[in-house]
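Participant: My questions all concern the structure below.
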Amino acid sequence: MTWILICAIFVVGLWGITHQANMVKKVMGLSIANSAIILLFVYYGSLSGTTAPIEGSGDPMVDPLPQALMLTAIVVAVCVMSLALVIVYRLYQRFGTLDIRGVERGAWKLND
Amino acid sequence: MTEGLVVWVMLAPLLGAVTALLGKLLRPLQRPLSILGTASLAVPAVILTLLLGPVMSGESLRYALGGWPEPYGISLVLDGISWFSCAITTVIAAAVALFSLGRRRYEAGYFFFLLIMVAGMYGVALTGDLFTLFVSFEVVAVTVYVLIAWEETDTGLAASYKYLILSTVGILFFLFGIFLVYRDLGVLSISLISRALAEAGGVRNTRFMHLALAFLCGGIGVRTAFIPFHTWLPEAHAYAPHPISAMLSGAMIKVSFFALVRVVLEFGGTYLFELLMWIGAVTALAAVLSALAQSDVKRLLAYHSISQLGYVLAVFGAGSALALTASFSHALNHALFKSLLFLTVGAAVSFTGHRNIHRIPPLGRTMPLFSAAFFAGALSISGIPPFNGFASKGLITTGMEGSAAYPLLWVTSFLTIASFIKLSRIFLPGPRRAGTTPSSGNSNQGSVPGILQTSVVTVLAILCLGTGMFGGSMAHGLYRIIHGTAPDAIPRLFSAKKLLGVLPAVLLGTAAFVGVSTQWGRQIAGRIRRMAPELRTVLLFFFVGLLVFAVVAY
């Protein structure tokens, strides 16, 4: 069940990226799809044990590696998303619209 | 002890970047600190020279970061492929950084991002596990988004956004591929994966690993920019600042390509070779047709980057040991001549303030050295002896002998010549006063390039000539670097038959150029030019490409 939910989140994210014309919503879509991948790793990691990966409790620990990896991936994703929003803001200042079609029409026309 | 040196290849540009960033705080020291930061590139250059000996004898040096051993820690691996990848990065980065130093408008912040990007590219080259590969790719990507939009032009910002969306989607699938690998094999280190797959009886005998390989290839494919993942490249490379275009075309797509080579070879994905060869050949031909239709000088060069990468990919797909050497040697040569072309043409664009091929007045008299350097680059890319394009195209011909995809590459070669005949009009010696009085009222007109910039392009031009004249021994050395053993035989490059083979290509190229200049040819060119795809189409392209890889995997 959880697998299907994660898959659904991923597809929603991809749908947002491809089908929304609003540039901010595209960035949201990226963020959602990225969260799905992060959930995938963390959920898979959580299946391997019952307690947090701290030595000494006696119970089987979960595999700490996926969590460590995803911490890094989250940091990377935050960088990319914030940069994306900065670019969107600048584009909005230039073109006065958040619609990607309007931006592309304006941008590629200038140069011929 | 020598293993310890490997990590400094990556650390030196990082420290250089920090130095450059200090220049942003201490305004008066901005310029010396930028120079100091750039000088940090000398460290990798020295280290790579020192380590050439062990690499040539087939060793691969491993360094565990922080002393943590392989399954848990991060390890850096320096073998033939990563040595070569680092070497290309170093040469192009040094040229680009020096060229940028020659222009006062690039400040400390610019060098900070440039050096971080270089460090990320060393990371991509040296990393021993898939997750660090992902992180390094993202380090490169974040800096590239910033640098493409550095001059804050409308087009630069839009191109940066387009690249950001596409490559982030690509990297998500890459991450998914990593997940599949970790789930089924429990390791991420590339050498351990290779061993685990060999024990399982090859990638095709596992349930999901070929799917993982397809996703990994798709993710890297966006960075490497072959069809159908190429769609971000024309805009990103054309509207970035000129030195950055040179860096992207010269080094970045090559480094990603070497990562692709490593992943495919270590996974044992030989069944992908056929697909890669056809993709490469189609990429080469389709991109050169688009290039021929362009009227924007930098877009034309950007399409040529895709096209030449098609060559590199196609001959890699041919699969033999010699073909791999040919592929790497063309990658090196393309790095040299394409960064040279971007720097010279970029200088022409900022000098005149025009990007259209027909508006730039002939600059041959205003910038004689730049023109000479440009023609060295143009002759190289067209494959005219004795420049280096001829040498590596000769190797490609031998490497792809008997392959059905070769005719596509042959057609590409004369169309390349045609489009460079078209481009070279901007550097022809024009009438006496043409270059000195560009159109009046043009506010963004630049000055004549300084001595530093001129010497950078001169050195690159000499390198193009040198790697061509000594193409045979270059290929010999390259073979030893990649395979660790001496080759049986490298085909003779300057044989009479090959020299004569250039002649029909030149004739057909001229004919194609004349054909494009006619009324009818111009109409078609205009139609191709207007086909610039929207972001949504581009994303659909990406998914189709991913699907193709997944289907071939089955």
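In the structure tokens, chains take letters A, B, ... by order of appearance, with residues numbered from 1 within each chain and ligands from 1 in the order shown.
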Extract, using only C-alpha atoms, all DNA, RNA and protein residues at most 8 Å from A:His19, discarding same-chain residues fewer than 3 positions from it, and format them as a list in words.
Facilitator: Trp15 and Gly16 of chain A; Arg536 of chain B
Participant: Restricted to C-alpha atoms, what would the selected residues look like written as a PDB file, in the first residue's frame?
Facilitator:
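See selection_6.pdb below for the written result:
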ATOM      1  CA  TRP A  15       2.372  15.664 -13.744  1.00  0.00           C
ATOM      2  CA  GLY A  16       2.910  19.039 -12.108  1.00  0.00           C
TER       3      GLY A  16
ATOM      4  CA  ARG B 536       6.671  20.745 -22.322  1.00  0.00           C
TER       5      ARG B 536
END
Participant: Which neighbours of A:Ser48 fall inside 8 Å, counting only C-alpha atoms, when residues of the same chain fewer than 6 positions from it are skipped, and could you give them as a PyMOL selection string?
Facilitator: chain A and resi 61-63
Participant: Using only C-alpha atoms, find which residues of chain B lie within 9 Å of chain A and jot them down as a ChimeraX atom specification.
Facilitator: /B:72,131,134-135,138-139,141-142,145-146,149,152,154-161,164-165,168-169,172-173,175-176,179,182-183,235,295-296,355-356,532,534-537,539-540
Participant: Would you please give, as a PyMOL selection string, all residues of stretch 217-445 of chain B that DSSP assigns to helix (DSSP H, G or I) based on the backbone?
Facilitator: chain B and resi 217-224+233-239+242-267+270-293+297-318+321-352+368-382+388-399+406-427
